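Please read the structure below before turning to the comments.
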Amino acid sequence: MKITGYRSEIYLMKMDRAVGDANLPEGVDLMPASILYLETDANITGISLGWFGGGAVKTLFQAIENADPREAVGLWIRMNDWVHKAGNEGEANYALSAIDVALWDLKAKLADEPVWRTLGAREGRVKAYASGLDYCLSDEELFAFYRRMAEQGVDSGKLKVGLDLQADLRRLEIMRDALSIASPRPQLMVDANEYWSPKQAVRYIRQIEEKFDLAWVEEPARRWDYAGLRLVSQQIAAAVATAENINSVADVYPLIANQAVDVLNVSALHSGVTGCRQIAHLANLYELPVSMMNCQANFMAQIAAALPNHTMMEVVDPGREHCLKFDSRIEDGYIVLSEAPGFGIEIDEAKLAQLKANPPTGRGRFPFPRRAGAGRYPVPPAPGEVPWRRGR
Amino acid sequence: MKITSVAATAFREERGRSRASCLVELQTDQGLVGIAVGPHSVGARLEQTVHELLLGEDPRGVTGLWRRMIGARSKVGDTVLAAEVIAALDIALWDLKAKANDEPLWKTLGGSRPRVNVHAGGCDRAASDDAVCEWFLTMARGFGFRGGLLEVGTDAVADLRRLEMMQRALSERSAEPALMIDAGGRWSPKEAVRRMREIESRFDLTWVEQPAARRDFLGLKRVSDGVRSAVCAGEGIESLLPHLHHHALDIVQVGTATRGITGALQLADAAFGFELPVALSDSPGNIHAHLGSVMPYCVSMEVVDPEPAAGVLSSDVRIEDGWAIAGDRAGHGLTIDRHALAKAAT
């Protein structure tokens with residue numbers, strides 16, 4: 001059993017709805033995406049979804065060519081050593097992450113079982129929370145999104161905040177109201193995407209906490225600012241969640257060791273399945289929970305199911321699966337995974353070819369920028385910038 | 001695949017450190033049997049644990065089952081005993097998971113073929129000077145060991161003398177043998193600093209194991225701050241959170257006797273996050289060699305029985321030129337000689 005080659009598809013998709021946060025409140029509906037296919041001599045192909053940038057895979061492939069994909073962890077160590085000097089950063093991190101995910105897909109397919117079982121999970125079931133990436137949604141759309149999630153049993157929600165306290169308070173109430181059919185006391189989270197300085201965060205959150213009980217506040221300060229994140233955590237009642245924009249257990253270490261984080265957001269970009277699990281294991285030593293980030297077809301729920309300290313996974317569901325076939329579903333507030341081998345995802349090559357032949361048009365900004373005023377002073381949405389702030 | 005029953009057989013064998021032991025056999029509806037060797041005491045609580053928590057479960061869900069057992073720990077009695085029971089069952093479950101894939105455990109774990117650096121342990125304080133010499137000579141000449149671990153801590157003069165014997169024996173295979181000592185928590189922290197300073201004036205030690213009581217993370221930190229050698233501990237400590245958070249250790253000792261394989265893998269990943277090397281402890285049949293290949297910072301594995309190919313258990317981990325190399329037998333590679341077991345059963 002050997003890895004013989006790879007190919008990749010890079011395409012632009014138009015989501016069924018726009019997504020936006022404090023840095024990009026007007027939102028985007030175009031998203032670049034890629035699929036990495038790892039080919040083997042056994043005629044089984046490993047798949048990885050997301051975004052790997054395209055550049056570094058060719059270089060890193062040399063580290064795994066002709067290797068047995070079942071040795072995924074050994075190959076992770078080899079790739080991590082391969083990129084030593086420049087580091088497991090940027091494009092190299094995208095490529096390493098994508099390859100590792102495809103290796104685990106292969107490993108599970110070769111054992112003819114889903115990835116969650118390969119990783120030793122007892123069941124393919126993960127608690128979900130709803131996340132609208134919703135700064136670009138009108139109040140009505142906001143309600144509709146969380147209500148649709150609540151109808152599937154989801155009892156927790158995370159709102160994008162940070163630019164306009166009064167609007168955020170109103171919209172938190174809307175989210176809570178929408179979720180209240182799933183639970184008399186929905187769990188509420190907010191996410192500022194690093195828009196604040198630490199003290200801005202404390203002032204803002206304290207005001208929210210006068211009215212709402214928040215389970216966590218995500219990225220209330222910059223990703224690497226462990227002193228600032230710790231300060232925020234010490235001065236608010238809610239947990240501080242962070243780590244989504246860092247890449248590996250090495251980067252997570254200063255946050256954990258300095259008690260700057262209460263919940264760790266992890267994803268495939270945390271150096272793949274292997275890297276994600278390393279972070280969860282370090283967090284577990286500190287009795288900290290991890291939370292899997294949203295992704296296409298919720299495929300990373302396969303990993304979340306097997307982590308010893310996973311709390312709940314982010315579900316956005318903006319419609320990013322037009323060229324994917326999969327059979328996971330949300331039931332009673334849980335992502336329920338099937339027995340299909342690997343990640344249980346197949347590519348609809350015909351639809352993908354159509355999409356590539358006719359690239360969609362819409363609103364896109366990639367990479368995501370940082371909004372003016374971030375970390376200094378709030379710049380609320382201008383009239384007309386978001387649907388809930390009408391033009392004059 | 002479902003777990004259908006468990007059998008425990010207590011036996012006594014004078015090999016390595018495994019004297020009074022208990023063989024655990026976890027049976028499934030597909031005829032595959034997962035095995036583990038635990039301390040003599042695990043037999044008593046085994047059946048109850050399996051009946052309450054594992055019966056009818058798919059052994060491939062081992063990390064989930066490990067969590068289930070940890071979560072139910074209070075049900076099955078005192079924690080030390082429970083930890084050993086859970087550990088033995090976890091090892092048997094991983095054996096089954098690998099056997100279900102018809103592959104060696106190292107591959108199921110995702111490792112590349114393990115070639116784990118080893119050091120020779122197994123010489124306790126009761127051994128005579130002659131026995132110390134002979135033991136390390138055998139390990140160096142027969143198996144290529146380039147490192148050795150000596151138990152110390154009750155007789156400072158004898159410790160120095162015996163360290164020199166170990167060094168001389170291991171010098172047959174290496175110009176710079178790795179010298180380690182295990183104080184077994186017999187020193188107070190300041191006593192450790194004094195003894196270590198004296199030893200270090202004559203020997204360059206790779207590490208010292210348990211120079212203070214293993215729970216005393218403040219004492220271990222104090223020793224680490226006061227000596228050149230790396231301070232190593234981990235075995236028998238339920239949570240290493242205080243030790244790691246307070247930088248009390250320079251090398252994290254990882255074993256499966258109380259953590260199982262699942263807990264050992266978790267600890268090794270956490271140590272990797274701390275940029276701390278891990279040392280694998282001694283194991284029946286040296287099966288820890290399988291784990292070495294998925295631990296990026298594994299420095300060495302302790303071996304007290306370099307030829308576990310005879311007696312009740314045989315293993316396909318072989319020790320060669322100072323390395324442990326795991327074979328291709330499905331599972332962790334331990335197999336049972338039924339005839340020998342019948343004779344050794346207690």
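Each chain in the structure tokens gets a letter, A, B, ..., in the order shown, and its residues are numbered from 1; ligands are numbered from 1 in order too.
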* May I have the residues of chain B within 9 Å of chain A, counting only C-alpha atoms, written as a PyMOL selection string? => chain B and resi 57-65+67+97+100-101+106-113+239-241+244-245+265-275+293-296
The selected residues should be written to file as a compact mmCIF listing (two decimals), in the first residue's frame (atoms: N, CA and C atoms).
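Result file out17.txt:
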# COMPACT_ATOMS: atom_id res chain seq x y z
N GLU B 57 -19.74 -4.00 23.52
CA GLU B 57 -19.15 -2.83 22.86
C GLU B 57 -18.17 -3.27 21.77
N ASP B 58 -17.99 -2.38 20.78
CA ASP B 58 -17.04 -2.63 19.71
C ASP B 58 -15.65 -2.17 20.17
N PRO B 59 -14.69 -3.09 20.24
CA PRO B 59 -13.38 -2.71 20.77
C PRO B 59 -12.66 -1.66 19.93
N ARG B 60 -13.08 -1.48 18.69
CA ARG B 60 -12.43 -0.46 17.85
C ARG B 60 -12.71 0.95 18.37
N GLY B 61 -13.71 1.08 19.24
CA GLY B 61 -14.00 2.39 19.85
C GLY B 61 -13.21 2.60 21.12
N VAL B 62 -11.95 2.18 21.11
CA VAL B 62 -11.16 2.09 22.34
C VAL B 62 -10.99 3.41 23.08
N THR B 63 -10.77 4.52 22.38
CA THR B 63 -10.56 5.77 23.13
C THR B 63 -11.86 6.22 23.79
N GLY B 64 -12.97 5.95 23.13
CA GLY B 64 -14.27 6.25 23.73
C GLY B 64 -14.53 5.35 24.93
N LEU B 65 -14.14 4.08 24.81
CA LEU B 65 -14.34 3.15 25.92
C LEU B 65 -13.42 3.49 27.10
N ARG B 67 -12.55 6.49 27.94
CA ARG B 67 -13.22 7.60 28.62
C ARG B 67 -14.37 7.09 29.47
N LYS B 97 -8.10 -3.86 18.39
CA LYS B 97 -8.29 -2.90 17.28
C LYS B 97 -7.27 -3.17 16.17
N ALA B 100 -8.09 -6.46 14.47
CA ALA B 100 -9.23 -6.31 13.56
C ALA B 100 -8.77 -5.78 12.20
N ASN B 101 -7.75 -4.95 12.21
CA ASN B 101 -7.19 -4.43 10.95
C ASN B 101 -6.14 -5.37 10.38
N TRP B 106 1.68 -0.65 15.96
CA TRP B 106 2.33 0.61 15.57
C TRP B 106 1.69 1.20 14.32
N LYS B 107 1.22 0.35 13.44
CA LYS B 107 0.58 0.86 12.23
C LYS B 107 -0.83 1.37 12.54
N THR B 108 -1.55 0.65 13.39
CA THR B 108 -2.89 1.12 13.79
C THR B 108 -2.80 2.50 14.44
N LEU B 109 -1.76 2.70 15.23
CA LEU B 109 -1.57 4.00 15.88
C LEU B 109 -1.17 5.08 14.89
N GLY B 110 -0.77 4.66 13.69
CA GLY B 110 -0.36 5.62 12.66
C GLY B 110 1.13 5.82 12.59
N GLY B 111 1.89 4.97 13.26
CA GLY B 111 3.33 5.14 13.29
C GLY B 111 4.02 4.59 12.06
N SER B 112 5.21 5.11 11.80
CA SER B 112 6.09 4.47 10.84
C SER B 112 6.86 3.41 11.62
N ARG B 113 7.46 2.47 10.92
CA ARG B 113 8.06 1.34 11.64
C ARG B 113 8.98 1.82 12.75
N SER B 239 -2.12 12.77 37.66
CA SER B 239 -2.18 13.92 36.76
C SER B 239 -0.84 14.63 36.77
N LEU B 240 -0.31 14.89 35.58
CA LEU B 240 0.96 15.60 35.49
C LEU B 240 0.76 17.10 35.29
N LEU B 241 -0.48 17.55 35.44
CA LEU B 241 -0.73 18.98 35.26
C LEU B 241 0.17 19.85 36.14
N LEU B 244 3.92 19.64 34.86
CA LEU B 244 4.22 20.30 33.60
C LEU B 244 4.02 21.81 33.73
N HIS B 245 2.94 22.20 34.38
CA HIS B 245 2.65 23.63 34.48
C HIS B 245 3.77 24.37 35.22
N LEU B 265 -0.70 7.99 25.13
CA LEU B 265 -0.66 8.80 23.90
C LEU B 265 -1.05 10.24 24.20
N GLN B 266 -2.05 10.41 25.05
CA GLN B 266 -2.48 11.77 25.42
C GLN B 266 -1.35 12.52 26.11
N LEU B 267 -0.70 11.82 27.05
CA LEU B 267 0.37 12.46 27.81
C LEU B 267 1.54 12.84 26.89
N ALA B 268 1.87 11.95 25.95
CA ALA B 268 2.99 12.22 25.05
C ALA B 268 2.69 13.44 24.17
N ASP B 269 1.44 13.57 23.72
CA ASP B 269 1.07 14.76 22.93
C ASP B 269 1.17 16.03 23.77
N ALA B 270 0.73 15.95 25.02
CA ALA B 270 0.82 17.12 25.90
C ALA B 270 2.28 17.50 26.12
N ALA B 271 3.13 16.49 26.32
CA ALA B 271 4.56 16.76 26.51
C ALA B 271 5.16 17.39 25.26
N PHE B 272 4.71 16.94 24.09
CA PHE B 272 5.18 17.51 22.83
C PHE B 272 4.82 19.00 22.77
N GLY B 273 3.62 19.34 23.25
CA GLY B 273 3.22 20.75 23.30
C GLY B 273 4.16 21.56 24.17
N PHE B 274 4.70 20.94 25.20
CA PHE B 274 5.65 21.59 26.11
C PHE B 274 7.08 21.51 25.61
N GLU B 275 7.26 20.90 24.42
CA GLU B 275 8.61 20.66 23.88
C GLU B 275 9.43 19.81 24.84
N SER B 293 6.87 5.12 17.98
CA SER B 293 6.85 5.68 16.62
C SER B 293 5.82 6.78 16.44
N VAL B 294 4.90 6.95 17.38
CA VAL B 294 3.94 8.05 17.25
C VAL B 294 4.22 9.16 18.27
N MET B 295 5.37 9.05 18.94
CA MET B 295 5.74 10.08 19.91
C MET B 295 6.93 10.83 19.34
N PRO B 296 6.68 12.06 18.85
CA PRO B 296 7.74 12.77 18.13
C PRO B 296 9.00 12.98 18.96
Applying 9 Å and only C-alpha atoms, which residues near A:Glu244 remain after dropping the ones on its own chain fewer than 5 positions away? List them as a PDB file with N, CA and C atoms, in the first residue's frame.
ATOM      1  N   GLU A 219     -12.246  35.064  20.596  1.00  0.00           N
ATOM      2  CA  GLU A 219     -11.240  36.023  20.120  1.00  0.00           C
ATOM      3  C   GLU A 219     -11.518  37.454  20.580  1.00  0.00           C
ATOM      4  N   ARG A 223      -4.841  36.980  18.569  1.00  0.00           N
ATOM      5  CA  ARG A 223      -4.629  35.538  18.685  1.00  0.00           C
ATOM      6  C   ARG A 223      -3.415  35.152  19.521  1.00  0.00           C
ATOM      7  N   LEU A 264     -10.645  25.996  23.563  1.00  0.00           N
ATOM      8  CA  LEU A 264      -9.789  26.069  22.377  1.00  0.00           C
ATOM      9  C   LEU A 264     -10.581  25.743  21.123  1.00  0.00           C
ATOM     10  N   ASN A 265     -10.579  26.684  20.173  1.00  0.00           N
ATOM     11  CA  ASN A 265     -11.212  26.432  18.884  1.00  0.00           C
ATOM     12  C   ASN A 265     -10.187  25.755  17.985  1.00  0.00           C
ATOM     13  N   VAL A 266     -10.548  24.587  17.472  1.00  0.00           N
ATOM     14  CA  VAL A 266      -9.607  23.844  16.627  1.00  0.00           C
ATOM     15  C   VAL A 266     -10.256  23.518  15.282  1.00  0.00           C
ATOM     16  N   SER A 267      -9.402  23.255  14.307  1.00  0.00           N
ATOM     17  CA  SER A 267      -9.898  22.947  12.962  1.00  0.00           C
ATOM     18  C   SER A 267      -8.858  22.110  12.229  1.00  0.00           C
ATOM     19  N   LEU A 269      -7.047  23.111  10.013  1.00  0.00           N
ATOM     20  CA  LEU A 269      -5.845  23.921   9.789  1.00  0.00           C
ATOM     21  C   LEU A 269      -4.926  23.966  11.011  1.00  0.00           C
ATOM     22  N   HIS A 270      -5.279  23.252  12.052  1.00  0.00           N
ATOM     23  CA  HIS A 270      -4.364  23.126  13.187  1.00  0.00           C
ATOM     24  C   HIS A 270      -3.435  21.938  12.962  1.00  0.00           C
ATOM     25  N   MET A 293     -14.189  23.793  14.799  1.00  0.00           N
ATOM     26  CA  MET A 293     -14.728  24.873  13.981  1.00  0.00           C
ATOM     27  C   MET A 293     -15.554  24.334  12.822  1.00  0.00           C
TER      28      MET A 293
END
* **Shell of 12 Å around B:His243, only C-alpha atoms, local chain residues under 3 positions omitted, as a PyMOL selection string** => (chain A and resi 257+285-286) or (chain B and resi 213-222+224+231-234+237-240+246-253+270-271+274+276)
Go ahead and save the picked residues with N, CA and C atoms, as a JSON list (two decimals), in the first residue's frame.
[["chain", "number", "residue", "atom", "x", "y", "z"],
["A", 257, "ALA", "N", -0.33, 27.50, 28.66],
["A", 257, "ALA", "CA", 0.59, 27.57, 29.80],
["A", 257, "ALA", "C", 0.43, 28.89, 30.56],
["A", 285, "LEU", "N", -4.94, 17.85, 29.39],
["A", 285, "LEU", "CA", -4.09, 17.83, 30.59],
["A", 285, "LEU", "C", -4.50, 18.97, 31.51],
["A", 286, "TYR", "N", -4.86, 20.11, 30.91],
["A", 286, "TYR", "CA", -5.25, 21.30, 31.68],
["A", 286, "TYR", "C", -6.75, 21.32, 31.97],
["B", 213, "ALA", "N", 10.07, 12.80, 45.93],
["B", 213, "ALA", "CA", 8.80, 12.07, 45.86],
["B", 213, "ALA", "C", 8.07, 12.47, 44.59],
["B", 214, "ARG", "N", 7.49, 11.50, 43.91],
["B", 214, "ARG", "CA", 6.98, 11.78, 42.58],
["B", 214, "ARG", "C", 5.81, 12.76, 42.57],
["B", 215, "ARG", "N", 5.08, 12.82, 43.65],
["B", 215, "ARG", "CA", 3.98, 13.79, 43.70],
["B", 215, "ARG", "C", 4.47, 15.20, 43.98],
["B", 216, "ASP", "N", 5.69, 15.31, 44.51],
["B", 216, "ASP", "CA", 6.21, 16.60, 44.99],
["B", 216, "ASP", "C", 6.77, 17.40, 43.82],
["B", 217, "PHE", "N", 5.87, 18.04, 43.06],
["B", 217, "PHE", "CA", 6.34, 18.78, 41.87],
["B", 217, "PHE", "C", 7.22, 19.96, 42.26],
["B", 218, "LEU", "N", 6.97, 20.53, 43.43],
["B", 218, "LEU", "CA", 7.81, 21.65, 43.88],
["B", 218, "LEU", "C", 9.23, 21.15, 44.18],
["B", 219, "GLY", "N", 9.30, 19.99, 44.83],
["B", 219, "GLY", "CA", 10.61, 19.40, 45.13],
["B", 219, "GLY", "C", 11.35, 18.99, 43.88],
["B", 220, "LEU", "N", 10.63, 18.40, 42.93],
["B", 220, "LEU", "CA", 11.26, 17.97, 41.67],
["B", 220, "LEU", "C", 11.79, 19.20, 40.91],
["B", 221, "LYS", "N", 10.99, 20.26, 40.94],
["B", 221, "LYS", "CA", 11.41, 21.52, 40.29],
["B", 221, "LYS", "C", 12.68, 22.06, 40.96],
["B", 222, "ARG", "N", 12.70, 21.96, 42.27],
["B", 222, "ARG", "CA", 13.85, 22.45, 43.03],
["B", 222, "ARG", "C", 15.11, 21.67, 42.64],
["B", 224, "SER", "N", 15.56, 20.06, 39.77],
["B", 224, "SER", "CA", 15.91, 20.40, 38.39],
["B", 224, "SER", "C", 16.67, 21.72, 38.33],
["B", 231, "VAL", "N", 15.68, 16.03, 35.00],
["B", 231, "VAL", "CA", 14.85, 15.34, 35.98],
["B", 231, "VAL", "C", 13.70, 14.66, 35.24],
["B", 232, "CYS", "N", 13.54, 13.37, 35.53],
["B", 232, "CYS", "CA", 12.55, 12.56, 34.82],
["B", 232, "CYS", "C", 11.60, 11.93, 35.84],
["B", 233, "ALA", "N", 10.31, 12.02, 35.58],
["B", 233, "ALA", "CA", 9.31, 11.33, 36.40],
["B", 233, "ALA", "C", 8.03, 11.25, 35.60],
["B", 234, "GLY", "N", 7.07, 10.52, 36.11],
["B", 234, "GLY", "CA", 5.79, 10.41, 35.40],
["B", 234, "GLY", "C", 5.02, 9.18, 35.81],
["B", 237, "ILE", "N", 2.07, 8.83, 38.61],
["B", 237, "ILE", "CA", 1.49, 10.14, 38.94],
["B", 237, "ILE", "C", 0.20, 10.27, 38.15],
["B", 238, "GLU", "N", -0.91, 10.43, 38.84],
["B", 238, "GLU", "CA", -2.20, 10.39, 38.16],
["B", 238, "GLU", "C", -2.34, 11.55, 37.19],
["B", 239, "SER", "N", -2.12, 12.77, 37.66],
["B", 239, "SER", "CA", -2.18, 13.92, 36.76],
["B", 239, "SER", "C", -0.84, 14.63, 36.77],
["B", 240, "LEU", "N", -0.31, 14.89, 35.58],
["B", 240, "LEU", "CA", 0.96, 15.60, 35.49],
["B", 240, "LEU", "C", 0.76, 17.10, 35.29],
["B", 246, "HIS", "N", 4.36, 23.71, 36.22],
["B", 246, "HIS", "CA", 5.41, 24.36, 37.01],
["B", 246, "HIS", "C", 6.81, 23.98, 36.55],
["B", 247, "HIS", "N", 6.91, 23.38, 35.38],
["B", 247, "HIS", "CA", 8.21, 23.04, 34.78],
["B", 247, "HIS", "C", 9.07, 22.24, 35.75],
["B", 248, "ALA", "N", 8.46, 21.26, 36.38],
["B", 248, "ALA", "CA", 9.18, 20.45, 37.36],
["B", 248, "ALA", "C", 9.96, 19.31, 36.69],
["B", 249, "LEU", "N", 9.63, 19.00, 35.44],
["B", 249, "LEU", "CA", 10.27, 17.87, 34.77],
["B", 249, "LEU", "C", 10.99, 18.33, 33.50],
["B", 250, "ASP", "N", 12.08, 17.63, 33.20],
["B", 250, "ASP", "CA", 12.80, 17.90, 31.94],
["B", 250, "ASP", "C", 12.54, 16.80, 30.93],
["B", 251, "ILE", "N", 12.18, 15.64, 31.44],
["B", 251, "ILE", "CA", 11.81, 14.50, 30.60],
["B", 251, "ILE", "C", 10.58, 13.86, 31.24],
["B", 252, "VAL", "N", 9.59, 13.57, 30.43],
["B", 252, "VAL", "CA", 8.36, 12.99, 30.96],
["B", 252, "VAL", "C", 8.38, 11.49, 30.73],
["B", 253, "GLN", "N", 8.26, 10.76, 31.83],
["B", 253, "GLN", "CA", 8.23, 9.31, 31.73],
["B", 253, "GLN", "C", 6.81, 8.87, 31.40],
["B", 270, "ALA", "N", 0.73, 15.95, 25.02],
["B", 270, "ALA", "CA", 0.82, 17.12, 25.90],
["B", 270, "ALA", "C", 2.28, 17.50, 26.12],
["B", 271, "ALA", "N", 3.13, 16.49, 26.32],
["B", 271, "ALA", "CA", 4.56, 16.76, 26.51],
["B", 271, "ALA", "C", 5.16, 17.39, 25.26],
["B", 274, "PHE", "N", 4.70, 20.94, 25.20],
["B", 274, "PHE", "CA", 5.65, 21.59, 26.11],
["B", 274, "PHE", "C", 7.08, 21.51, 25.61],
["B", 276, "LEU", "N", 8.76, 18.90, 25.55],
["B", 276, "LEU", "CA", 9.48, 18.04, 26.48],
["B", 276, "LEU", "C", 9.66, 16.64, 25.88]]
* Residues flagged strand (DSSP E or B) by DSSP in stretch 138-320 of chain B, as a ChimeraX atom specification -> /B:147-151,178-182,205-209,230-233,251-254,278-280,298-303,313-314,318-320
Atoms to include: N, CA and C atoms. Write the selected residues as an mmCIF file, in the first residue's frame.
data_model
loop_
_atom_site.group_PDB
_atom_site.id
_atom_site.type_symbol
_atom_site.label_atom_id
_atom_site.label_comp_id
_atom_site.auth_asym_id
_atom_site.auth_seq_id
_atom_site.Cartn_x
_atom_site.Cartn_y
_atom_site.Cartn_z
ATOM 1 N N GLY B 147 23.091 2.651 26.770
ATOM 2 C CA GLY B 147 22.642 3.435 27.912
ATOM 3 C C GLY B 147 22.148 2.516 29.006
ATOM 4 N N GLY B 148 22.277 2.955 30.259
ATOM 5 C CA GLY B 148 21.838 2.120 31.367
ATOM 6 C C GLY B 148 21.249 2.953 32.491
ATOM 7 N N LEU B 149 20.338 2.324 33.212
ATOM 8 C CA LEU B 149 19.668 2.989 34.335
ATOM 9 C C LEU B 149 19.956 2.192 35.595
ATOM 10 N N LEU B 150 20.518 2.873 36.589
ATOM 11 C CA LEU B 150 20.889 2.211 37.831
ATOM 12 C C LEU B 150 20.010 2.721 38.967
ATOM 13 N N GLU B 151 19.539 1.804 39.786
ATOM 14 C CA GLU B 151 18.777 2.234 40.964
ATOM 15 C C GLU B 151 19.750 2.650 42.051
ATOM 16 N N ALA B 178 25.114 6.508 27.725
ATOM 17 C CA ALA B 178 24.155 7.351 28.448
ATOM 18 C C ALA B 178 23.928 6.742 29.826
ATOM 19 N N LEU B 179 24.221 7.518 30.859
ATOM 20 C CA LEU B 179 24.081 7.018 32.230
ATOM 21 C C LEU B 179 22.877 7.671 32.887
ATOM 22 N N MET B 180 21.993 6.816 33.394
ATOM 23 C CA MET B 180 20.816 7.328 34.083
ATOM 24 C C MET B 180 20.744 6.685 35.465
ATOM 25 N N ILE B 181 20.151 7.405 36.405
ATOM 26 C CA ILE B 181 19.929 6.817 37.725
ATOM 27 C C ILE B 181 18.472 7.010 38.132
ATOM 28 N N ASP B 182 18.035 6.091 38.956
ATOM 29 C CA ASP B 182 16.666 6.152 39.467
ATOM 30 C C ASP B 182 16.727 6.160 40.985
ATOM 31 N N LEU B 205 25.461 12.678 33.750
ATOM 32 C CA LEU B 205 24.233 11.876 33.732
ATOM 33 C C LEU B 205 23.242 12.432 32.714
ATOM 34 N N THR B 206 22.592 11.516 31.990
ATOM 35 C CA THR B 206 21.559 11.953 31.045
ATOM 36 C C THR B 206 20.308 12.385 31.802
ATOM 37 N N TRP B 207 19.886 11.544 32.741
ATOM 38 C CA TRP B 207 18.764 11.986 33.586
ATOM 39 C C TRP B 207 18.781 11.289 34.929
ATOM 40 N N VAL B 208 18.026 11.852 35.855
ATOM 41 C CA VAL B 208 17.794 11.225 37.151
ATOM 42 C C VAL B 208 16.287 11.052 37.303
ATOM 43 N N GLU B 209 15.896 9.825 37.616
ATOM 44 C CA GLU B 209 14.479 9.538 37.789
ATOM 45 C C GLU B 209 14.072 9.698 39.240
ATOM 46 N N ALA B 230 18.912 16.098 33.565
ATOM 47 C CA ALA B 230 17.470 16.234 33.386
ATOM 48 C C ALA B 230 16.755 15.467 34.492
ATOM 49 N N VAL B 231 15.683 16.030 34.999
ATOM 50 C CA VAL B 231 14.846 15.342 35.981
ATOM 51 C C VAL B 231 13.699 14.658 35.236
ATOM 52 N N CYS B 232 13.536 13.373 35.531
ATOM 53 C CA CYS B 232 12.550 12.559 34.824
ATOM 54 C C CYS B 232 11.599 11.930 35.843
ATOM 55 N N ALA B 233 10.309 12.025 35.581
ATOM 56 C CA ALA B 233 9.306 11.327 36.400
ATOM 57 C C ALA B 233 8.027 11.251 35.597
ATOM 58 N N ILE B 251 12.179 15.636 31.443
ATOM 59 C CA ILE B 251 11.814 14.504 30.598
ATOM 60 C C ILE B 251 10.583 13.858 31.242
ATOM 61 N N VAL B 252 9.594 13.574 30.429
ATOM 62 C CA VAL B 252 8.362 12.995 30.956
ATOM 63 C C VAL B 252 8.375 11.487 30.733
ATOM 64 N N GLN B 253 8.261 10.761 31.826
ATOM 65 C CA GLN B 253 8.230 9.309 31.734
ATOM 66 C C GLN B 253 6.809 8.869 31.399
ATOM 67 N N VAL B 254 6.688 8.098 30.331
ATOM 68 C CA VAL B 254 5.365 7.673 29.875
ATOM 69 C C VAL B 254 5.297 6.155 29.879
ATOM 70 N N VAL B 278 9.988 12.581 25.863
ATOM 71 C CA VAL B 278 9.377 11.544 26.687
ATOM 72 C C VAL B 278 10.272 10.305 26.703
ATOM 73 N N ALA B 279 10.272 9.617 27.838
ATOM 74 C CA ALA B 279 10.988 8.353 27.973
ATOM 75 C C ALA B 279 9.944 7.278 28.248
ATOM 76 N N LEU B 280 9.981 6.211 27.474
ATOM 77 C CA LEU B 280 9.024 5.127 27.680
ATOM 78 C C LEU B 280 9.531 4.201 28.765
ATOM 79 N N CYS B 298 10.250 11.008 21.522
ATOM 80 C CA CYS B 298 10.628 9.871 22.349
ATOM 81 C C CYS B 298 12.145 9.741 22.387
ATOM 82 N N VAL B 299 12.746 9.800 23.576
ATOM 83 C CA VAL B 299 14.204 9.694 23.648
ATOM 84 C C VAL B 299 14.686 8.265 23.798
ATOM 85 N N SER B 300 14.023 7.492 24.644
ATOM 86 C CA SER B 300 14.522 6.145 24.915
ATOM 87 C C SER B 300 13.451 5.330 25.627
ATOM 88 N N MET B 301 13.583 4.025 25.512
ATOM 89 C CA MET B 301 12.645 3.117 26.184
ATOM 90 C C MET B 301 13.433 2.203 27.117
ATOM 91 N N GLU B 302 12.929 2.023 28.318
ATOM 92 C CA GLU B 302 13.602 1.147 29.276
ATOM 93 C C GLU B 302 13.326 -0.315 28.933
ATOM 94 N N VAL B 303 14.383 -1.115 28.992
ATOM 95 C CA VAL B 303 14.234 -2.551 28.756
ATOM 96 C C VAL B 303 14.849 -3.294 29.938
ATOM 97 N N LEU B 313 5.014 -15.586 27.904
ATOM 98 C CA LEU B 313 4.725 -14.635 26.840
ATOM 99 C C LEU B 313 5.857 -14.607 25.834
ATOM 100 N N SER B 314 5.511 -14.486 24.575
ATOM 101 C CA SER B 314 6.559 -14.163 23.615
ATOM 102 C C SER B 314 6.131 -12.914 22.871
ATOM 103 N N ARG B 318 12.026 -7.005 18.929
ATOM 104 C CA ARG B 318 13.378 -7.488 19.190
ATOM 105 C C ARG B 318 14.316 -6.322 19.504
ATOM 106 N N ILE B 319 15.312 -6.649 20.328
ATOM 107 C CA ILE B 319 16.287 -5.634 20.727
ATOM 108 C C ILE B 319 17.581 -5.937 19.984
ATOM 109 N N GLU B 320 18.042 -4.958 19.230
ATOM 110 C CA GLU B 320 19.189 -5.168 18.348
ATOM 111 C C GLU B 320 20.009 -3.894 18.278
#
* **Residues near B:His288, cut-off 9 Å, only C-alpha atoms, skip fewer than 6 positions along chain, as a VMD selection string** => chain B and resid 255 to 256 261 280 to 282 301 332
* Rank nothing, just name the residue among A:Ala18, A:Val190, A:Ala382, A:Val202 nearest to A:Leu214, using only C-alpha atoms. =>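 Looking at the shortest contact to A:Leu214, the residue is A:Val190.
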* To do: Enumerate as a ChimeraX atom specification all residues of stretch 189-337 of chain A assigned to alpha helix (DSSP H) by DSSP on the backbone, naming them with the chain letters and numbers the document uses.
  => /A:198-209,226-235,249-257,272-285,301-304
* To do: Enter the distance from atom CA of A:Ala63 to atom CA of A:Met79, in Å, rounded to one decimal.
  =>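 Interatomic distance here is 6.1 Å.
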